[in-house]
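This is final15.cif (mmCIF, C-alpha atoms).
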```
data_my_file
#
loop_
_atom_site.group_PDB
_atom_site.id
_atom_site.type_symbol
_atom_site.label_atom_id
_atom_site.label_comp_id
_atom_site.auth_asym_id
_atom_site.auth_seq_id
_atom_site.Cartn_x
_atom_site.Cartn_y
_atom_site.Cartn_z
ATOM 1 C CA MET A 1 53.738 119.334 54.476
ATOM 2 C CA TYR A 2 55.801 122.033 52.811
ATOM 3 C CA LEU A 3 59.210 123.380 53.784
ATOM 4 C CA ASP A 4 60.263 127.016 53.301
ATOM 5 C CA GLY A 5 57.509 128.024 50.849
ATOM 6 C CA ALA A 6 58.219 125.222 48.376
ATOM 7 C CA GLN A 7 55.577 124.523 45.714
ATOM 8 C CA GLU A 8 56.098 120.754 45.918
ATOM 9 C CA PRO A 9 55.153 119.115 49.250
ATOM 10 C CA LEU A 10 57.842 117.557 51.418
ATOM 11 C CA ALA A 11 55.450 114.721 52.217
ATOM 12 C CA VAL A 12 51.782 113.841 51.738
ATOM 13 C CA LEU A 13 50.345 111.913 54.671
ATOM 14 C CA LYS A 14 46.988 110.269 53.879
ATOM 15 C CA GLU A 15 46.582 107.668 56.659
ATOM 16 C CA PRO A 16 47.221 107.615 60.395
ATOM 17 C CA PRO A 17 49.645 107.656 62.018
ATOM 18 C CA TYR A 18 50.555 111.017 60.530
ATOM 19 C CA ARG A 19 54.283 111.084 61.149
ATOM 20 C CA LEU A 20 57.249 112.490 59.258
ATOM 21 C CA ARG A 21 60.939 112.112 60.004
ATOM 22 C CA LEU A 22 62.766 115.310 59.049
ATOM 23 C CA ASP A 23 66.568 115.025 58.735
ATOM 24 C CA THR A 24 67.906 118.489 59.598
ATOM 25 C CA LYS A 25 71.419 117.519 58.437
ATOM 26 C CA ARG A 26 70.176 117.962 54.874
ATOM 27 C CA LEU A 27 68.970 121.511 55.614
ATOM 28 C CA PRO A 28 71.221 124.544 55.762
ATOM 29 C CA ASP A 29 71.624 126.121 59.192
ATOM 30 C CA GLY A 30 69.333 129.040 59.867
ATOM 31 C CA GLU A 31 65.635 129.964 59.956
ATOM 32 C CA HIS A 32 63.093 127.674 58.277
ATOM 33 C CA THR A 33 59.307 127.357 58.120
ATOM 34 C CA LEU A 34 57.280 124.180 58.071
ATOM 35 C CA ARG A 35 53.840 124.667 56.499
ATOM 36 C CA VAL A 36 51.214 122.013 57.278
ATOM 37 C CA VAL A 37 48.112 121.999 55.079
ATOM 38 C CA THR A 38 45.251 119.827 56.343
ATOM 39 C CA HIS A 39 42.396 118.935 53.960
ATOM 40 C CA PHE A 40 39.071 117.871 55.507
ATOM 41 C CA ARG A 41 36.467 115.536 53.948
ATOM 42 C CA GLY A 42 33.898 118.306 53.710
ATOM 43 C CA GLY A 43 36.154 120.320 51.444
ATOM 44 C CA GLY A 44 37.649 122.699 54.017
ATOM 45 C CA GLN A 45 41.317 123.113 54.802
ATOM 46 C CA GLU A 46 43.509 124.487 57.565
ATOM 47 C CA ILE A 47 47.010 125.905 57.116
ATOM 48 C CA ARG A 48 49.481 126.167 59.959
ATOM 49 C CA GLU A 49 53.000 127.571 59.661
ATOM 50 C CA ILE A 50 55.652 126.613 62.222
ATOM 51 C CA PRO A 51 58.933 128.596 62.201
ATOM 52 C CA PHE A 52 62.052 126.822 63.516
ATOM 53 C CA THR A 53 65.828 127.224 63.494
ATOM 54 C CA VAL A 54 68.330 124.607 62.348
ATOM 55 C CA ASN A 55 71.729 124.562 64.050
ATOM 56 C CA ASN A 56 73.767 121.531 63.045
ATOM 57 C CA TYR A 57 77.072 122.938 64.266
ATOM 58 C CA PRO A 58 78.526 120.718 66.975
ATOM 59 C CA ASP A 59 78.537 122.053 70.511
ATOM 60 C CA VAL A 60 81.854 123.420 71.701
ATOM 61 C CA LEU A 61 82.537 123.082 75.420
ATOM 62 C CA VAL A 62 85.359 125.130 76.947
ATOM 63 C CA LEU A 63 86.604 123.914 80.323
ATOM 64 C CA GLY A 64 89.005 125.918 82.456
ATOM 65 C CA VAL A 65 87.427 129.359 82.280
ATOM 66 C CA ASP A 66 83.823 130.445 82.792
ATOM 67 C CA GLU A 67 82.094 133.320 81.079
ATOM 68 C CA GLY A 68 82.748 136.514 83.024
ATOM 69 C CA SER A 69 85.316 134.912 85.346
ATOM 70 C CA GLU A 70 88.577 136.556 86.373
ATOM 71 C CA VAL A 71 91.789 134.597 85.784
ATOM 72 C CA ALA A 72 95.487 135.163 86.484
ATOM 73 C CA GLY A 73 98.701 133.346 85.642
ATOM 74 C CA GLU A 74 98.655 130.263 83.453
ATOM 75 C CA VAL A 75 95.253 128.755 82.761
ATOM 76 C CA GLU A 76 94.804 125.340 81.177
ATOM 77 C CA LEU A 77 91.886 125.318 78.773
ATOM 78 C CA ARG A 78 90.286 122.181 77.408
ATOM 79 C CA LEU A 79 88.036 122.263 74.385
ATOM 80 C CA SER A 80 85.572 119.544 73.590
ATOM 81 C CA VAL A 81 83.768 119.476 70.256
ATOM 82 C CA GLY A 82 80.830 117.090 70.190
ATOM 83 C CA GLU A 83 78.797 115.520 67.469
ATOM 84 C CA PRO A 84 75.345 117.002 66.844
ATOM 85 C CA GLU A 85 73.674 113.771 68.008
ATOM 86 C CA LEU A 86 75.839 113.324 71.084
ATOM 87 C CA PRO A 87 75.550 115.651 74.057
ATOM 88 C CA VAL A 88 78.830 117.133 75.244
ATOM 89 C CA GLU A 89 79.439 116.296 78.884
ATOM 90 C CA PRO A 90 82.101 117.830 81.091
ATOM 91 C CA GLN A 91 84.638 115.490 82.687
ATOM 92 C CA ARG A 92 83.248 113.764 85.737
ATOM 93 C CA PHE A 93 84.623 114.111 89.264
ATOM 94 C CA ASN A 94 87.851 112.121 89.720
ATOM 95 C CA PRO A 95 87.248 109.068 92.016
ATOM 96 C CA LEU A 96 90.505 109.819 93.818
ATOM 97 C CA TRP A 97 88.911 112.983 95.175
ATOM 98 C CA TYR A 98 86.084 110.892 96.656
ATOM 99 C CA ALA A 99 88.679 108.870 98.587
ATOM 100 C CA VAL A 100 90.482 112.014 99.744
ATOM 101 C CA ALA A 101 87.198 113.582 100.871
ATOM 102 C CA LEU A 102 86.246 110.407 102.744
ATOM 103 C CA LEU A 103 89.612 110.334 104.551
ATOM 104 C CA VAL A 104 89.286 113.994 105.516
ATOM 105 C CA VAL A 105 85.782 113.475 106.911
ATOM 106 C CA LEU A 106 86.692 110.295 108.804
ATOM 107 C CA GLY A 107 89.895 111.886 110.101
ATOM 108 C CA GLY A 108 87.925 114.894 111.309
ATOM 109 C CA VAL A 109 85.419 112.700 113.139
ATOM 110 C CA TRP A 110 88.201 110.635 114.702
ATOM 111 C CA GLY A 111 90.121 113.786 115.684
ATOM 112 C CA TYR A 112 87.047 115.310 117.285
ATOM 113 C CA PHE A 113 86.334 112.262 119.427
ATOM 114 C CA ALA A 114 89.961 111.475 120.192
ATOM 115 C CA LEU A 115 91.007 114.994 121.148
ATOM 116 C CA SER A 116 87.900 116.617 122.589
ATOM 117 C CA PRO A 117 87.395 117.007 126.365
ATOM 118 C CA ALA A 118 83.956 115.433 126.048
ATOM 119 C CA ALA A 119 85.535 112.178 124.872
ATOM 120 C CA GLU A 120 87.913 112.173 127.853
ATOM 121 C CA LYS A 121 84.955 112.497 130.246
ATOM 122 C CA ILE A 122 83.186 109.586 128.577
ATOM 123 C CA VAL A 123 86.309 107.419 128.832
ATOM 124 C CA GLU A 124 86.722 108.322 132.513
ATOM 125 C CA GLN A 125 83.137 107.255 133.224
ATOM 126 C CA VAL A 126 83.340 104.012 131.278
ATOM 127 C CA ALA A 127 86.897 102.898 132.150
ATOM 128 C CA PRO A 128 88.337 104.179 135.443
ATOM 129 C CA PRO A 129 92.109 104.781 135.574
ATOM 130 C CA ALA A 130 94.381 101.751 136.168
ATOM 131 C CA GLN A 131 95.327 102.873 139.712
ATOM 132 C CA GLU A 132 91.672 102.801 140.801
ATOM 133 C CA THR A 133 91.187 99.349 139.290
ATOM 134 C CA GLN A 134 94.233 97.953 141.075
ATOM 135 C CA ALA A 135 93.176 99.544 144.344
ATOM 136 C CA GLN A 136 89.704 98.008 144.065
ATOM 137 C CA GLY A 137 91.259 94.572 143.587
ATOM 138 C CA ALA A 138 88.567 92.075 142.713
ATOM 139 C CA ALA A 139 85.737 94.560 143.210
ATOM 140 C CA VAL A 140 82.950 94.183 140.666
ATOM 141 C CA PRO A 141 81.936 97.420 138.881
ATOM 142 C CA ALA A 142 78.428 98.716 139.455
ATOM 143 C CA GLY A 143 75.762 97.285 137.158
ATOM 144 C CA VAL A 144 77.791 94.136 136.249
ATOM 145 C CA ASP A 145 76.777 90.599 137.191
ATOM 146 C CA PRO A 146 79.438 89.265 139.605
ATOM 147 C CA ALA A 147 79.313 85.736 138.091
ATOM 148 C CA SER A 148 79.967 86.983 134.566
ATOM 149 C CA TRP A 149 82.641 89.372 135.881
ATOM 150 C CA ARG A 150 84.588 86.469 137.391
ATOM 151 C CA ARG A 151 84.300 84.444 134.180
ATOM 152 C CA ALA A 152 85.548 87.359 132.089
ATOM 153 C CA LYS A 153 88.620 88.180 134.179
ATOM 154 C CA PRO A 154 91.768 87.482 132.154
ATOM 155 C CA SER A 155 93.639 86.069 135.157
ATOM 156 C CA THR A 156 91.143 83.215 135.596
ATOM 157 C CA ARG A 157 91.116 82.383 131.887
ATOM 158 C CA ARG A 158 94.851 81.958 131.496
ATOM 159 C CA THR A 159 95.798 80.016 134.602
ATOM 160 C CA ALA A 160 95.894 76.234 134.668
ATOM 161 C CA PRO A 161 94.430 74.263 137.567
ATOM 162 C CA PRO A 162 96.942 73.705 140.331
ATOM 163 C CA ALA A 163 98.850 70.449 139.943
ATOM 164 C CA THR A 164 99.851 68.241 142.829
ATOM 165 C CA SER A 165 103.520 67.875 143.393
ATOM 166 C CA LYS A 166 103.352 64.121 142.615
ATOM 167 C CA THR A 167 101.876 64.616 139.111
ATOM 168 C CA ALA A 168 104.129 67.575 138.421
ATOM 169 C CA ARG A 169 107.242 65.490 139.117
ATOM 170 C CA ALA A 170 106.108 62.238 137.554
ATOM 171 C CA CYS A 171 104.540 63.594 134.393
ATOM 172 C CA PRO A 172 105.565 67.115 133.401
ATOM 173 C CA ARG A 173 103.849 66.639 130.046
ATOM 174 C CA PRO A 174 102.089 63.719 128.422
ATOM 175 C CA SER A 175 104.208 61.529 126.160
ATOM 176 C CA PRO A 176 103.037 60.475 122.713
ATOM 177 C CA PRO A 177 101.688 56.875 122.597
ATOM 178 C CA TRP A 178 104.544 55.601 120.424
ATOM 179 C CA ARG A 179 107.083 56.708 123.076
ATOM 180 C CA ALA A 180 105.245 55.305 126.040
ATOM 181 C CA THR A 181 107.389 53.212 128.373
ATOM 182 C CA PRO A 182 105.963 50.027 129.914
ATOM 183 C CA THR A 183 105.286 50.224 133.622
#
```
Using structure tokens, write down the structure that the file contains.
Amino acid sequence: MYLDGAQEPLAVLKEPPYRLRLDTKRLPDGEHTLRVVTHFRGGGQEIREIPFTVNNYPDVLVLGVDEGSEVAGEVELRLSVGEPELPVEPQRFNPLWYAVALLVVLGGVWGYFALSPAAEKIVEQVAPPAQETQAQGAAVPAGVDPASWRRAKPSTRRTAPPATSKTARACPRPSPPWRATPT
């Protein structure tokens, strides 16, 4: 392998694997030619020339203005100069903007369902107004099991069983065992 028409080979590879590591940092930037000469056992040879360009200058990334864009007023420009081995990446999306976008989307969905006439119709069908419920009294809504409706009524869950007047007067609440009085 020869580089740029040199008389001395860059490397002589005699056994597989035929590999060469070329450090382009030691080459000047610009056009170069790699010449590979292959010798065969029968005495023939093949020559192949491969032109390539070396550019070891680090990438420069300019953020804040795009090529061909129109700007006005003050523009903040950020320059990022990378190493030749490291790719230059633009700054990633700020996570705060993800949260803001999520709130906007969820707020829009909530606003649509809370303020749209379609949502009011659905609520009217599912939960009749309070006046209708009071007028119906203990009426069971259509499609609901009457036994489970009675169990689920808040008025039956919160009331205590009626006490006789004798127990209500004699024992308004149970006394702790250490305060019990002998009978």
Report as a tab-separated table (two decimals) with C-alpha atoms, keeping the file's coordinate frame the full result of the PyMOL selection byres ((chain A and resi 22) around 12) when it is applied to this structure.
```
chain	number	residue	atom	x	y	z
A	1	MET	CA	53.74	119.33	54.48
A	2	TYR	CA	55.80	122.03	52.81
A	3	LEU	CA	59.21	123.38	53.78
A	10	LEU	CA	57.84	117.56	51.42
A	11	ALA	CA	55.45	114.72	52.22
A	19	ARG	CA	54.28	111.08	61.15
A	20	LEU	CA	57.25	112.49	59.26
A	21	ARG	CA	60.94	112.11	60.00
A	23	ASP	CA	66.57	115.02	58.74
A	24	THR	CA	67.91	118.49	59.60
A	25	LYS	CA	71.42	117.52	58.44
A	26	ARG	CA	70.18	117.96	54.87
A	27	LEU	CA	68.97	121.51	55.61
A	34	LEU	CA	57.28	124.18	58.07
A	54	VAL	CA	68.33	124.61	62.35
```
Using all atoms listed in the file, collect all residues at a distance of at most 7 Å from (47.8, 119.7, 56.3) as written in the file, then present them as a list in words.
Met1, Val36, Val37, Thr38, His39, Glu46 and Ile47 of chain A
Next, dump the selected residues to file, keeping only C-alpha atoms, as a CSV table (one decimal), keeping the file's coordinate frame.
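And here is the file that came out, result-v6.csv:
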```
chain,number,residue,atom,x,y,z
A,1,MET,CA,53.7,119.3,54.5
A,36,VAL,CA,51.2,122.0,57.3
A,37,VAL,CA,48.1,122.0,55.1
A,38,THR,CA,45.3,119.8,56.3
A,39,HIS,CA,42.4,118.9,54.0
A,46,GLU,CA,43.5,124.5,57.6
A,47,ILE,CA,47.0,125.9,57.1
```
Between atom CA of A:Pro28 and atom CA of A:Asn55 lies a distance of 8.3 Å
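Here atom CA of A:Asp29 and atom CA of A:Asp4 stand 12.8 Å from one another.
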I'd like the contact shell of A:Glu76 - 8 Å cut-off, only C-alpha atoms, skipping same-chain residues fewer than 2 positions apart - returned as a ChimeraX atom specification.
/A:64,74,78
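Taking atom CA of A:Ser80 as the reference point, atom CA of A:His32 is found at 28.4 Å.
With only the atoms specified (all atoms listed in the file) counting, those residues at most 8 Å away from (84.0, 122.7, 78.9) are Val60, Leu61, Val62, Leu63, Gly64, Arg78, Leu79, Ser80, Glu89 and Pro90 of chain A.
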Go ahead and save the residues from that selection, with C-alpha atoms, as a PDB file, in the frame of the given file.
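Here's the written file out-v8.pdb:
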```
ATOM      1  CA  VAL A  60      81.854 123.420  71.701  1.00  0.00           C
ATOM      2  CA  LEU A  61      82.537 123.082  75.420  1.00  0.00           C
ATOM      3  CA  VAL A  62      85.359 125.130  76.947  1.00  0.00           C
ATOM      4  CA  LEU A  63      86.604 123.914  80.323  1.00  0.00           C
ATOM      5  CA  GLY A  64      89.005 125.918  82.456  1.00  0.00           C
ATOM      6  CA  ARG A  78      90.286 122.181  77.408  1.00  0.00           C
ATOM      7  CA  LEU A  79      88.036 122.263  74.385  1.00  0.00           C
ATOM      8  CA  SER A  80      85.572 119.544  73.590  1.00  0.00           C
ATOM      9  CA  GLU A  89      79.439 116.296  78.884  1.00  0.00           C
ATOM     10  CA  PRO A  90      82.101 117.830  81.091  1.00  0.00           C
TER      11      PRO A  90
END
```
Incomplete stretch 25-58 of chain A brought to N, CA and C atoms, written out as an mmCIF file, keeping the file's coordinate frame:
```cif
data_model
loop_
_atom_site.group_PDB
_atom_site.id
_atom_site.type_symbol
_atom_site.label_atom_id
_atom_site.label_comp_id
_atom_site.auth_asym_id
_atom_site.auth_seq_id
_atom_site.Cartn_x
_atom_site.Cartn_y
_atom_site.Cartn_z
ATOM 1 N N LYS A 25 70.057 117.469 58.980
ATOM 2 C CA LYS A 25 71.419 117.519 58.437
ATOM 3 C C LYS A 25 71.407 117.872 56.954
ATOM 4 N N ARG A 26 70.283 117.647 56.294
ATOM 5 C CA ARG A 26 70.176 117.962 54.874
ATOM 6 C C ARG A 26 69.706 119.400 54.639
ATOM 7 N N LEU A 27 69.413 120.113 55.729
ATOM 8 C CA LEU A 27 68.970 121.511 55.614
ATOM 9 C C LEU A 27 70.122 122.433 55.975
ATOM 10 N N PRO A 28 70.199 123.579 55.338
ATOM 11 C CA PRO A 28 71.221 124.544 55.762
ATOM 12 C C PRO A 28 70.852 125.138 57.128
ATOM 13 N N ASP A 29 71.884 125.496 57.893
ATOM 14 C CA ASP A 29 71.624 126.121 59.192
ATOM 15 C C ASP A 29 70.937 127.456 59.001
ATOM 16 N N GLY A 30 70.035 127.762 59.928
ATOM 17 C CA GLY A 30 69.333 129.040 59.867
ATOM 18 C C GLY A 30 67.839 128.864 60.093
ATOM 19 N N GLU A 31 67.087 129.928 59.745
ATOM 20 C CA GLU A 31 65.635 129.964 59.956
ATOM 21 C C GLU A 31 64.918 129.204 58.839
ATOM 22 N N HIS A 32 63.907 128.434 59.221
ATOM 23 C CA HIS A 32 63.093 127.674 58.277
ATOM 24 C C HIS A 32 61.638 127.742 58.728
ATOM 25 N N THR A 33 60.730 127.390 57.809
ATOM 26 C CA THR A 33 59.307 127.357 58.120
ATOM 27 C C THR A 33 58.716 126.061 57.587
ATOM 28 N N LEU A 34 57.991 125.380 58.466
ATOM 29 C CA LEU A 34 57.280 124.180 58.071
ATOM 30 C C LEU A 34 55.803 124.561 57.927
ATOM 31 N N ARG A 35 55.249 124.324 56.747
ATOM 32 C CA ARG A 35 53.840 124.667 56.499
ATOM 33 C C ARG A 35 53.069 123.361 56.387
ATOM 34 N N VAL A 36 52.046 123.209 57.266
ATOM 35 C CA VAL A 36 51.214 122.013 57.278
ATOM 36 C C VAL A 36 49.841 122.397 56.754
ATOM 37 N N VAL A 37 49.431 121.754 55.679
ATOM 38 C CA VAL A 37 48.112 121.999 55.079
ATOM 39 C C VAL A 37 47.268 120.753 55.324
ATOM 40 N N THR A 38 46.153 120.937 56.028
ATOM 41 C CA THR A 38 45.251 119.827 56.343
ATOM 42 C C THR A 38 43.981 119.987 55.507
ATOM 43 N N HIS A 39 43.620 118.947 54.776
ATOM 44 C CA HIS A 39 42.396 118.935 53.960
ATOM 45 C C HIS A 39 41.360 118.071 54.670
ATOM 46 N N PHE A 40 40.145 118.597 54.846
ATOM 47 C CA PHE A 40 39.071 117.871 55.507
ATOM 48 C C PHE A 40 38.141 117.243 54.467
ATOM 49 N N ARG A 41 37.369 116.245 54.854
ATOM 50 C CA ARG A 41 36.467 115.536 53.948
ATOM 51 C C ARG A 41 35.370 116.450 53.399
ATOM 52 N N GLY A 42 34.966 117.410 54.153
ATOM 53 C CA GLY A 42 33.898 118.306 53.710
ATOM 54 C C GLY A 42 34.362 119.364 52.725
ATOM 55 N N GLY A 43 35.648 119.373 52.412
ATOM 56 C CA GLY A 43 36.154 120.320 51.444
ATOM 57 C C GLY A 43 36.930 121.470 52.064
ATOM 58 N N GLY A 44 36.903 121.614 53.380
ATOM 59 C CA GLY A 44 37.649 122.699 54.017
ATOM 60 C C GLY A 44 39.118 122.344 54.193
ATOM 61 N N GLN A 45 39.894 123.346 54.536
ATOM 62 C CA GLN A 45 41.317 123.113 54.802
ATOM 63 C C GLN A 45 41.810 124.071 55.882
ATOM 64 N N GLU A 46 42.876 123.658 56.534
ATOM 65 C CA GLU A 46 43.509 124.487 57.565
ATOM 66 C C GLU A 46 44.995 124.535 57.258
ATOM 67 N N ILE A 47 45.580 125.725 57.374
ATOM 68 C CA ILE A 47 47.010 125.905 57.116
ATOM 69 C C ILE A 47 47.666 126.404 58.401
ATOM 70 N N ARG A 48 48.738 125.739 58.763
ATOM 71 C CA ARG A 48 49.481 126.167 59.959
ATOM 72 C C ARG A 48 50.949 126.250 59.583
ATOM 73 N N GLU A 49 51.575 127.381 59.934
ATOM 74 C CA GLU A 49 53.000 127.571 59.661
ATOM 75 C C GLU A 49 53.769 127.562 60.980
ATOM 76 N N ILE A 50 54.844 126.777 61.006
ATOM 77 C CA ILE A 50 55.652 126.613 62.222
ATOM 78 C C ILE A 50 57.079 127.039 61.904
ATOM 79 N N PRO A 51 57.537 128.188 62.427
ATOM 80 C CA PRO A 51 58.933 128.596 62.201
ATOM 81 C C PRO A 51 59.870 127.834 63.148
ATOM 82 N N PHE A 52 61.056 127.491 62.672
ATOM 83 C CA PHE A 52 62.052 126.822 63.516
ATOM 84 C C PHE A 52 63.440 127.170 62.999
ATOM 85 N N THR A 53 64.434 126.923 63.826
ATOM 86 C CA THR A 53 65.828 127.224 63.494
ATOM 87 C C THR A 53 66.627 125.932 63.473
ATOM 88 N N VAL A 54 67.443 125.764 62.449
ATOM 89 C CA VAL A 54 68.330 124.607 62.348
ATOM 90 C C VAL A 54 69.727 125.057 62.733
ATOM 91 N N ASN A 55 70.354 124.296 63.636
ATOM 92 C CA ASN A 55 71.729 124.562 64.050
ATOM 93 C C ASN A 55 72.439 123.219 64.142
ATOM 94 N N ASN A 56 73.071 122.815 63.073
ATOM 95 C CA ASN A 56 73.767 121.531 63.045
ATOM 96 C C ASN A 56 75.236 121.640 63.413
ATOM 97 N N TYR A 57 75.687 122.816 63.826
ATOM 98 C CA TYR A 57 77.072 122.938 64.266
ATOM 99 C C TYR A 57 77.228 122.160 65.558
ATOM 100 N N PRO A 58 78.335 121.457 65.725
ATOM 101 C CA PRO A 58 78.526 120.718 66.975
ATOM 102 C C PRO A 58 78.749 121.686 68.135
#
```
